[in-house]
Amino acid sequence: MSTTLPLSPAVAAVVSGQMRSVSIGSLYSIAESSEPISENDEIQRVNELQTKGDTAFQNKDYLEAIKFYSEALEIDGQKVEVLSARAAVYLEVRQYDLAQRDAEQLVKINPLIPQGHYLLAVSLDNQSQYDKAITSFLSALDHDAEHAEQLVDNITVVASNLCNFNDDVIKTLEDVSPLQKLAEVGIQLHSVNHHDLCIEVLLRAIKLQPEETKYNIQATATLASSYLTLKDLTRAKHYFLQCLTLAMKENNTEYESKCYVNLANIHLLENDIQQSIAYYEKLAAIGNDLKAQSRDGSFPTYWSMELRCALHQNLSVAYKEVRNYPRALHHALLYVELVKNSPDAEFLLPDAHHNAGTYYEMVKDYKSALKHHEAYLALSKARKDKVAMAAAYASLGHVYRILYNFKLAESYQEQYLRMAEKIKDYESQAKALCSIGEIHLMKEDFEKALSFFQQYLRMSRRLDEYETECCAFLKLGDVFKCQGRPQHAQYYYEMAVTVSEKLEQNEDLVNKCRCEVACALVLSVSKDDMEKARLEFEELIPFYSKKIQQFENENIECPTELKTALRNCYDGMQIALCKLEKQENALEYAEGYRQNKFKEIVKLKLDTEDEDAKGPEASYVSFCEDLCKIVNRQSATVLYYSMTDAFLLIWVLKPGEGVVKVQVERAIRESLRQKVRHILEQLQNTDEHKSDLDCENRALPSRDRSVSHLQRKYLAKSKAWKLKEQRKESEKELEKESKVVIPPQRQLYDLMIMPVEKTLIDIKEVLVIPDKELTQVPLDILEDGKGVRITEKYKVTTMPSLAILNVLTRKDTNMAIASTQGNTTSSANLFPMYLDDHLRVVIPPDEKPLSPIRQQLRKAPVMAREKSISPSFITFGTNHYDYVPTPKERLNRAELIVAYEKSKLGTLITHSSTDTEILQGDGVHTKFQQASKQHQSLVIGNPLLPQKLKLHGQIWCPPGELMVSQCEALNVAEYLETKAVIGSAATKDTILNKLCDATLLHIASYGSWEDSVIVIGPSTTSQPNEDGSHNEDNYQIGVKDIMNIDMKAELVILSCCYGDIHRDVDFTLPSALLAAGCKCVMVILWAIPDIAREKFWYHFYKTLQSGNFVSIAMATAKEKLSQDERFTDPMYWSPFLLIGQDVYICVHQIKHAMLDQLVDNAEDEVLKSMPVNALNIAPEPVEVSSQEIILPKLRQSLSALLEHHLEHPKAIPILLQLVAESLTDRKSVV
């Protein structure tokens, strides 16, 4: 509680405002000649003097009052009543400085006394120190709630003197509550930038009447705004959130909007872009609601045109920062439409078009970008704004350069350069020179490119900017790198590093320069250079990995440049380590890059699980020893490839031996990657066979489809490009004439297998882990100089990485362990007897009861001879036994079968439909339960799609139904004797539910390797957007969807993602399927005629009917297809590729299992409708009765028997004999 003292007459007069002012010349002290007195006398004397002073004051004898008060204070200088009284007298006589001194002393003695603060405020006010006066009045208000209204009035008067309130403000302050007055005073103080005072006033206002929500909203908003102006973001955010809560409670959309605007701006200042976007979107939602509620399209006053324009402009910038370019473009276009109707359209519209054109560039819609840049140029010319005109020329030139229209691009950039020279803008001149140099570099006119980049360097030095100079050195280095002159390139890159080190806080540019230097160093032959490169890459790889991880953590699209730089660092590190003879370390980096890509896939699953849950991430490896352990868990020799433009690295890993060979192949003239692309083009022969290629398009439109079309269009018109292509064609023709034409199959064999062929002697299985363009090679077409295909020498499989192989082999181990623990869902029946990685003969558990070990040994040596002298173990599932013959094993097969049959004498029902025996003993029925395998086949095709679909931020209208896809699905379903899921039945939710149970999965639909998605019908619960389109998540099954289900498919066939334009197969989608639990994925590398594909499926599934390995079925189908005279060219039969393990599939067993499941379902339905279980009837108990009950029953039975005695004459004698024997046995027992 605050202390309130009784007011002396003087103070009361001041407080009441009734004291009139007088003047006083000077005051004197009576301290001199005073004599010491006792304490009681002092008190009495002080009281007397105070009384005299009060009397003098009442008589308006102010000088006499001051005299008495001063004498009293000479005796007791801490008496607050006297101090306050004298201060009041000083105020009356206008001695404000003396009054201030006494008031300050009073506050110092006891700050809880409100009179001291009040007197201090009055004295400060009269000295025109209004800000300090308000503070003191507020302190008085804190300790004197009884006089709140009077104190608030005083604060209002002082604030009016400080802010010069106009008549309207003064009018609003009449007859209002203290809270309203204080709130208005705070608002006025905020308007004149007295933010510290505003905060003090509004804090007291909110404290004064906290339940007054209506006025507290305004006060809290102004308070938060003042904190924001003072850059106190934490408190500003706190009070804006508090204001938002109050506004939403009162349904006050005006202040709710203001809060959203300011909260979004605060988060922008804190660099929390995502949260800022969230608040801006909430603000936009309010605008949409207001628009919907308005009948005439008008908005409330607070929802001004300026606010709407700022909203969409800020949202476009924010979405650009998080690299969500479609949303940025959406709001930029809304901003353009708003600005057109704005009073300031003349000034704002040019920049609005410029921004819209820039965002169109980001989404690669270059046609629309050109329209907006041309509008920007036209408006700039109309305003005669030379700076804007120069920027428009630069933008147009940039777009035309991307589209390969080099003529127009160069023209616009030259105009940009001339305009920059006119306005003497050296920075723009530098940019123009750089752009023109880039155009000539793309045209491979290296001399002109070098000339312009040298001018760019000179201009950068004139600007005296290290960043521009650094970029100029990088461009010069790029010219020499493209020319194949790495030493010259290295020089300029090193100069760039030197300049970049002078920059502050530009780590990205510094590391970019270091990366270029390191990549140039690996082309050297010096080991010192290799060591320098290795050290650079050791620092750069963690840097780029961390940068990419930051983008992923913030859910922002990562720039392509960062990913490319990281890939180059990994490639360069591998080359450097191999040259330093550290081949095993190089392998670790090769696999490390692939593991990082695999981790991105696995994270989508692990994010949905508990932290303690164990997933594939636990199997990640980093050392060569761990990689060799993965290889040891399977039986194939691994060929591991890593390819760059200059080098091809090949590691050979054998089970039990580790890395046995490392081969480094260097490019001679042509880039190795380019060489592989040329060979694949020869293999595909798309131009030659284009007229014969009647193939259904099952590929989603790519992101850059329109760009590629425009690029080809402009290149076709380019004379320089035509001459260049003609020159290349003539060079190729000369090479063909001078050399023997080598078929593409042989070229690929020479590149991939020949360097390590000697290491593969006596090898039967080869597992290939390809890299980059090598992933597009159908390995089974490779053939040596004698025309022998690789598949005739080895059994070949493909795997994306050792990390995925690790997951698959671990899964096999876990499944085998589960089968030994009684897991009835094991897939052991799909596999025949085979050798495992430890050379043990594995026998399916179902064969164990009827197949003695001795008999299986007849087959074991035959299998073992292919890999080793003889197997050391026999295994049933995962139970391993040393083979040591025992007496029991020496029994012949007949004795074993007899013994086995005797064990089944009590069988009530010998077998179920799945060979499970049901036994009976001593009158007890074993419970019947059918043991069905859970294998299923699933065929999907031609899903029903809506007319409008969102794709890459734009509307895509599917051209029509995939009728060939539907026919394919129906045919495959017929081969598998199942029902195809097509049309409206193929919805996303239905398919995701069925994927979990499928053993064999065939998908014929739209898809995209680029986006790693399969197109399916939208779920029945999904709702379209306002324009009728469905979002991508509604109709696409992507990597995240796949990783969130547990699949058990042995084989997945992706008959999708190909079409009229060739697209490289990306291993992301197959890797996701393998990580989700699938064992093998088949893809089609390029488009072939529909009839050829149909024939392939027929022979493929025919081979699998009675059981076979998928690789054999694929080879058989290819062989059959190549025998057709229409499809003898490898282009038609070779594009089918297996990724993952080579699994054994028996379609008959899958059909059998599905039939069993059908019977099970029928039985369940019947049994549910029956009162008792008909298959498991409880046995009737044997009744034990007395002789009186038994004899009548015996007579009745004998009578019935005698009636039919003639038909069965031997029955009665036998019965009598049995009765006699029974009685004899009974007597002997007795």
# chains A, B, ... in the order shown; residues from 1 in each chain; ligands from 1
>>> select_by_dssp(residues="region 326-513 of chain A", states="helix (DSSP H, G or I)", output="NGL selection string")
:A and (326-340 or 345-362 or 366-383 or 386-402 or 406-422 or 426-442 or 446-463 or 466-482 or 486-500 or 507-513)
>>> closest_atom_pairs(of="region 144-164 of chain A", to="region 184-191 of chain A", cutoff="12 Å", atoms="only C-alpha atoms", output="tab-separated table")
residue	atom	partner	partner_atom	distance
A:Val152	CA	A:Val185	CA	9.6
A:Asp153	CA	A:Val185	CA	10.4
A:Asn154	CA	A:Val185	CA	11.3
A:Ile155	CA	A:Val185	CA	8.2
A:Thr156	CA	A:Val185	CA	6.4
A:Val157	CA	A:Val185	CA	9.6
A:Val158	CA	A:Val185	CA	9.9
A:Ala159	CA	A:Val185	CA	6.7
A:Ser160	CA	A:Val185	CA	8.2
A:Asn161	CA	A:Leu189	CA	11.2
A:Leu162	CA	A:Leu189	CA	8.5
A:Cys163	CA	A:Leu189	CA	6.8
A:Asn164	CA	A:Gln188	CA	9.4
>>> write_last_selection(atoms="N, CA and C atoms", output="PDB file, in the first residue's frame")
ATOM      1  N   VAL A 152      -4.709  12.248 -13.444  1.00  0.00           N
ATOM      2  CA  VAL A 152      -4.804  12.016 -14.886  1.00  0.00           C
ATOM      3  C   VAL A 152      -5.083  13.324 -15.612  1.00  0.00           C
ATOM      4  N   ASP A 153      -5.936  14.199 -14.990  1.00  0.00           N
ATOM      5  CA  ASP A 153      -6.204  15.512 -15.598  1.00  0.00           C
ATOM      6  C   ASP A 153      -4.926  16.330 -15.689  1.00  0.00           C
ATOM      7  N   ASN A 154      -4.126  16.289 -14.613  1.00  0.00           N
ATOM      8  CA  ASN A 154      -2.857  17.021 -14.642  1.00  0.00           C
ATOM      9  C   ASN A 154      -1.941  16.482 -15.739  1.00  0.00           C
ATOM     10  N   ILE A 155      -1.890  15.147 -15.874  1.00  0.00           N
ATOM     11  CA  ILE A 155      -1.049  14.544 -16.919  1.00  0.00           C
ATOM     12  C   ILE A 155      -1.523  14.990 -18.295  1.00  0.00           C
ATOM     13  N   THR A 156      -2.847  15.039 -18.464  1.00  0.00           N
ATOM     14  CA  THR A 156      -3.414  15.446 -19.742  1.00  0.00           C
ATOM     15  C   THR A 156      -3.028  16.874 -20.082  1.00  0.00           C
ATOM     16  N   VAL A 157      -3.093  17.783 -19.062  1.00  0.00           N
ATOM     17  CA  VAL A 157      -2.749  19.186 -19.305  1.00  0.00           C
ATOM     18  C   VAL A 157      -1.276  19.326 -19.694  1.00  0.00           C
ATOM     19  N   VAL A 158      -0.403  18.625 -18.965  1.00  0.00           N
ATOM     20  CA  VAL A 158       1.033  18.708 -19.266  1.00  0.00           C
ATOM     21  C   VAL A 158       1.322  18.123 -20.650  1.00  0.00           C
ATOM     22  N   ALA A 159       0.674  16.977 -20.959  1.00  0.00           N
ATOM     23  CA  ALA A 159       0.874  16.374 -22.274  1.00  0.00           C
ATOM     24  C   ALA A 159       0.382  17.288 -23.375  1.00  0.00           C
ATOM     25  N   SER A 160      -0.695  18.027 -23.104  1.00  0.00           N
ATOM     26  CA  SER A 160      -1.208  18.975 -24.091  1.00  0.00           C
ATOM     27  C   SER A 160      -0.180  20.063 -24.367  1.00  0.00           C
ATOM     28  N   ASN A 161       0.480  20.540 -23.287  1.00  0.00           N
ATOM     29  CA  ASN A 161       1.534  21.538 -23.483  1.00  0.00           C
ATOM     30  C   ASN A 161       2.710  20.958 -24.273  1.00  0.00           C
ATOM     31  N   LEU A 162       2.989  19.670 -24.052  1.00  0.00           N
ATOM     32  CA  LEU A 162       4.120  19.036 -24.730  1.00  0.00           C
ATOM     33  C   LEU A 162       3.816  18.749 -26.196  1.00  0.00           C
ATOM     34  N   CYS A 163       2.608  18.273 -26.465  1.00  0.00           N
ATOM     35  CA  CYS A 163       2.268  17.811 -27.821  1.00  0.00           C
ATOM     36  C   CYS A 163       1.437  18.809 -28.605  1.00  0.00           C
ATOM     37  N   ASN A 164       0.998  19.882 -27.961  1.00  0.00           N
ATOM     38  CA  ASN A 164       0.145  20.856 -28.646  1.00  0.00           C
ATOM     39  C   ASN A 164      -1.110  20.203 -29.223  1.00  0.00           C
TER      40      ASN A 164
END
>>> atom_distance(atom1="CA of Cys1146 (chain A)", atom2="CA of Ile940 (chain A)")
20.0 Å
>>> residues_around(residues="region 131-143 of chain A", least_positions_apart="5", cutoff="8 Å", atoms="only C-alpha atoms", output="JSON, numbers by chain")
{"A": [1, 2, 3, 4, 112, 113, 114, 115, 116, 117, 118, 120, 121, 122, 123, 124, 125, 148, 151, 152, 154, 155, 158, 159, 162, 197, 200, 201, 204]}
>>> residues_around(residues="Met1114 (chain A)", least_positions_apart="6", cutoff="10 Å", atoms="only C-alpha atoms", output="list of chain:residue names")
A:Asp780, A:Met1082, A:Phe1096, A:Trp1097, A:His1099, A:Phe1100, A:Tyr1101, A:Thr1103, A:Leu1104, A:Lys1120, A:Ser1134, A:Phe1136, A:Leu1137, A:Leu1138
>>> write_last_selection(atoms="all heavy atoms", output="short mmCIF file (atom, residue, chain, number, x, y, z; two decimals), in the first residue's frame")
data_model
loop_
_atom_site.label_atom_id
_atom_site.label_comp_id
_atom_site.auth_asym_id
_atom_site.auth_seq_id
_atom_site.Cartn_x
_atom_site.Cartn_y
_atom_site.Cartn_z
N ASP A 780 22.78 -55.51 -69.35
CA ASP A 780 22.78 -56.83 -69.99
C ASP A 780 23.04 -56.79 -71.49
O ASP A 780 23.14 -57.83 -72.13
CB ASP A 780 21.48 -57.57 -69.71
CG ASP A 780 20.26 -56.73 -70.05
OD1 ASP A 780 20.45 -55.57 -70.49
OD2 ASP A 780 19.14 -57.23 -69.89
N MET A 1082 11.86 -52.83 -61.14
CA MET A 1082 12.16 -52.81 -62.57
C MET A 1082 11.70 -51.47 -63.14
O MET A 1082 10.56 -51.04 -62.90
CB MET A 1082 11.47 -53.95 -63.31
CG MET A 1082 11.76 -53.95 -64.82
SD MET A 1082 10.84 -55.22 -65.73
CE MET A 1082 11.69 -56.68 -65.20
N PHE A 1096 6.85 -57.95 -74.40
CA PHE A 1096 7.83 -58.21 -73.34
C PHE A 1096 7.12 -58.70 -72.08
O PHE A 1096 7.54 -59.67 -71.45
CB PHE A 1096 8.62 -56.93 -73.04
CG PHE A 1096 9.57 -57.07 -71.89
CD1 PHE A 1096 10.87 -57.52 -72.08
CD2 PHE A 1096 9.18 -56.76 -70.59
CE1 PHE A 1096 11.75 -57.66 -71.02
CE2 PHE A 1096 10.03 -56.88 -69.52
CZ PHE A 1096 11.33 -57.34 -69.74
N TRP A 1097 6.02 -58.01 -71.69
CA TRP A 1097 5.32 -58.42 -70.45
C TRP A 1097 4.77 -59.85 -70.57
O TRP A 1097 4.78 -60.59 -69.58
CB TRP A 1097 4.19 -57.44 -70.13
CG TRP A 1097 4.60 -56.04 -69.82
CD1 TRP A 1097 4.05 -54.90 -70.32
CD2 TRP A 1097 5.65 -55.63 -68.95
NE1 TRP A 1097 4.69 -53.79 -69.82
CE2 TRP A 1097 5.67 -54.21 -68.97
CE3 TRP A 1097 6.58 -56.29 -68.16
CZ2 TRP A 1097 6.57 -53.47 -68.23
CZ3 TRP A 1097 7.49 -55.54 -67.42
CH2 TRP A 1097 7.48 -54.17 -67.46
N HIS A 1099 5.98 -62.48 -72.23
CA HIS A 1099 7.03 -63.47 -72.04
C HIS A 1099 7.63 -63.38 -70.64
O HIS A 1099 8.04 -64.41 -70.07
CB HIS A 1099 8.12 -63.29 -73.09
CG HIS A 1099 7.68 -63.64 -74.47
ND1 HIS A 1099 7.41 -64.94 -74.86
CD2 HIS A 1099 7.43 -62.87 -75.57
CE1 HIS A 1099 7.04 -64.96 -76.13
NE2 HIS A 1099 7.04 -63.72 -76.58
N PHE A 1100 7.68 -62.19 -70.07
CA PHE A 1100 8.24 -62.00 -68.73
C PHE A 1100 7.40 -62.76 -67.70
O PHE A 1100 7.92 -63.55 -66.90
CB PHE A 1100 8.29 -60.51 -68.41
CG PHE A 1100 8.78 -60.19 -67.02
CD1 PHE A 1100 10.12 -60.26 -66.71
CD2 PHE A 1100 7.88 -59.81 -66.03
CE1 PHE A 1100 10.57 -59.96 -65.42
CE2 PHE A 1100 8.31 -59.52 -64.76
CZ PHE A 1100 9.66 -59.59 -64.45
N TYR A 1101 6.11 -62.54 -67.72
CA TYR A 1101 5.24 -63.17 -66.72
C TYR A 1101 5.06 -64.67 -67.02
O TYR A 1101 4.85 -65.46 -66.09
CB TYR A 1101 3.89 -62.47 -66.66
CG TYR A 1101 3.96 -61.15 -65.93
CD1 TYR A 1101 3.85 -59.94 -66.61
CD2 TYR A 1101 4.16 -61.11 -64.56
CE1 TYR A 1101 3.93 -58.73 -65.94
CE2 TYR A 1101 4.23 -59.90 -63.88
CZ TYR A 1101 4.12 -58.71 -64.58
OH TYR A 1101 4.21 -57.52 -63.91
N THR A 1103 7.43 -66.63 -68.01
CA THR A 1103 8.60 -67.28 -67.44
C THR A 1103 8.50 -67.39 -65.93
O THR A 1103 9.05 -68.32 -65.32
CB THR A 1103 9.87 -66.49 -67.82
OG1 THR A 1103 9.88 -66.26 -69.22
CG2 THR A 1103 11.12 -67.24 -67.42
N LEU A 1104 7.78 -66.46 -65.30
CA LEU A 1104 7.66 -66.48 -63.83
C LEU A 1104 6.55 -67.38 -63.33
O LEU A 1104 6.42 -67.57 -62.13
CB LEU A 1104 7.41 -65.05 -63.31
CG LEU A 1104 8.55 -64.04 -63.44
CD1 LEU A 1104 8.10 -62.69 -62.91
CD2 LEU A 1104 9.79 -64.51 -62.70
N LYS A 1120 13.14 -63.16 -76.47
CA LYS A 1120 11.96 -63.39 -77.30
C LYS A 1120 11.61 -62.14 -78.12
O LYS A 1120 11.24 -62.24 -79.29
CB LYS A 1120 10.76 -63.78 -76.42
CG LYS A 1120 10.91 -65.11 -75.70
CD LYS A 1120 10.86 -66.28 -76.68
CE LYS A 1120 10.89 -67.61 -75.93
NZ LYS A 1120 10.88 -68.76 -76.87
N SER A 1134 16.20 -53.50 -75.06
CA SER A 1134 17.20 -53.38 -73.98
C SER A 1134 16.85 -52.45 -72.82
O SER A 1134 17.55 -52.51 -71.80
CB SER A 1134 18.52 -52.91 -74.59
OG SER A 1134 18.39 -51.60 -75.13
N PHE A 1136 14.94 -52.27 -70.31
CA PHE A 1136 14.42 -52.76 -69.03
C PHE A 1136 15.59 -53.00 -68.07
O PHE A 1136 16.55 -53.70 -68.40
CB PHE A 1136 13.62 -54.04 -69.23
CG PHE A 1136 12.45 -53.87 -70.15
CD1 PHE A 1136 12.58 -54.08 -71.52
CD2 PHE A 1136 11.22 -53.46 -69.67
CE1 PHE A 1136 11.52 -53.92 -72.38
CE2 PHE A 1136 10.14 -53.28 -70.52
CZ PHE A 1136 10.29 -53.50 -71.88
N LEU A 1137 15.52 -52.40 -66.89
CA LEU A 1137 16.62 -52.46 -65.92
C LEU A 1137 16.11 -52.89 -64.55
O LEU A 1137 15.09 -52.36 -64.07
CB LEU A 1137 17.30 -51.09 -65.81
CG LEU A 1137 18.45 -50.97 -64.80
CD1 LEU A 1137 19.65 -51.79 -65.26
CD2 LEU A 1137 18.84 -49.52 -64.61
N LEU A 1138 16.80 -53.84 -63.92
CA LEU A 1138 16.48 -54.29 -62.57
C LEU A 1138 17.36 -53.56 -61.58
O LEU A 1138 18.57 -53.49 -61.75
CB LEU A 1138 16.70 -55.80 -62.43
CG LEU A 1138 15.67 -56.72 -63.07
CD1 LEU A 1138 16.08 -58.17 -62.84
CD2 LEU A 1138 14.29 -56.48 -62.51
#
>>> residues_around(residues="region 342-344 of chain A", least_positions_apart="4", cutoff="8 Å", atoms="only C-alpha atoms", output="tab-separated table (two decimals) with C-alpha atoms, in the first residue's frame")
chain	number	residue	atom	x	y	z
A	305	MET	CA	-5.17	0.28	-50.76
A	338	LEU	CA	-3.74	-3.60	-57.14
A	348	LEU	CA	4.58	2.00	-58.71
>>> residues_around(residues="region 745-751 of chain A", least_positions_apart="4", cutoff="7 Å", atoms="only C-alpha atoms", output="JSON list (two decimals) with N, CA and C atoms, in the first residue's frame")
[["chain", "number", "residue", "atom", "x", "y", "z"],
["A", 781, "ILE", "N", 23.16, -55.59, -72.08],
["A", 781, "ILE", "CA", 23.47, -55.52, -73.51],
["A", 781, "ILE", "C", 24.97, -55.43, -73.76],
["A", 782, "LEU", "N", 25.76, -55.18, -72.73],
["A", 782, "LEU", "CA", 27.21, -55.04, -72.92],
["A", 782, "LEU", "C", 27.79, -56.33, -73.50],
["A", 783, "GLU", "N", 28.65, -56.19, -74.50],
["A", 783, "GLU", "CA", 29.25, -57.38, -75.10],
["A", 783, "GLU", "C", 30.71, -57.09, -75.44],
["A", 784, "ASP", "N", 31.51, -58.14, -75.33],
["A", 784, "ASP", "CA", 32.95, -57.99, -75.58],
["A", 784, "ASP", "C", 33.26, -58.05, -77.07],
["A", 785, "GLY", "N", 34.56, -58.08, -77.40],
["A", 785, "GLY", "CA", 34.97, -58.07, -78.80],
["A", 785, "GLY", "C", 34.54, -59.31, -79.56]]
>>> atom_distance(atom1="CA of Asp1164 (chain A)", atom2="CA of Lys933 (chain A)")
16.3 Å
>>> atom_distance(atom1="CA of Val510 (chain A)", atom2="CA of Gly592 (chain A)")
24.6 Å
>>> closest_residue(among="A:Val317, A:Leu230, A:Ile650, A:Ala145", to="Gln209 (chain A)", atoms="only C-alpha atoms")
A:Ala145
>>> closest_atom_pairs(of="region 489-528 of chain A", to="region 568-590 of chain A", cutoff="12 Å", atoms="only C-alpha atoms", output="JSON lines")
{"residue": "A:Asn511", "atom": "CA", "partner": "A:Cys569", "partner_atom": "CA", "distance": 11.1}
{"residue": "A:Lys512", "atom": "CA", "partner": "A:Cys569", "partner_atom": "CA", "distance": 10.7}
{"residue": "A:Arg514", "atom": "CA", "partner": "A:Cys569", "partner_atom": "CA", "distance": 10.4}
{"residue": "A:Cys515", "atom": "CA", "partner": "A:Cys569", "partner_atom": "CA", "distance": 7.0}
{"residue": "A:Glu516", "atom": "CA", "partner": "A:Asn568", "partner_atom": "CA", "distance": 9.2}
{"residue": "A:Val517", "atom": "CA", "partner": "A:Gly572", "partner_atom": "CA", "distance": 10.8}
{"residue": "A:Ala518", "atom": "CA", "partner": "A:Gly572", "partner_atom": "CA", "distance": 7.5}
{"residue": "A:Cys519", "atom": "CA", "partner": "A:Gly572", "partner_atom": "CA", "distance": 5.9}
{"residue": "A:Ala520", "atom": "CA", "partner": "A:Gly572", "partner_atom": "CA", "distance": 9.0}
{"residue": "A:Leu521", "atom": "CA", "partner": "A:Ala576", "partner_atom": "CA", "distance": 8.7}
{"residue": "A:Val522", "atom": "CA", "partner": "A:Ala576", "partner_atom": "CA", "distance": 5.8}
{"residue": "A:Leu523", "atom": "CA", "partner": "A:Ile575", "partner_atom": "CA", "distance": 8.8}
{"residue": "A:Ser524", "atom": "CA", "partner": "A:Ala576", "partner_atom": "CA", "distance": 9.6}
{"residue": "A:Val525", "atom": "CA", "partner": "A:Lys579", "partner_atom": "CA", "distance": 8.5}
{"residue": "A:Ser526", "atom": "CA", "partner": "A:Lys579", "partner_atom": "CA", "distance": 9.2}
{"residue": "A:Lys527", "atom": "CA", "partner": "A:Leu580", "partner_atom": "CA", "distance": 6.7}
{"residue": "A:Asp528", "atom": "CA", "partner": "A:Leu580", "partner_atom": "CA", "distance": 9.4}
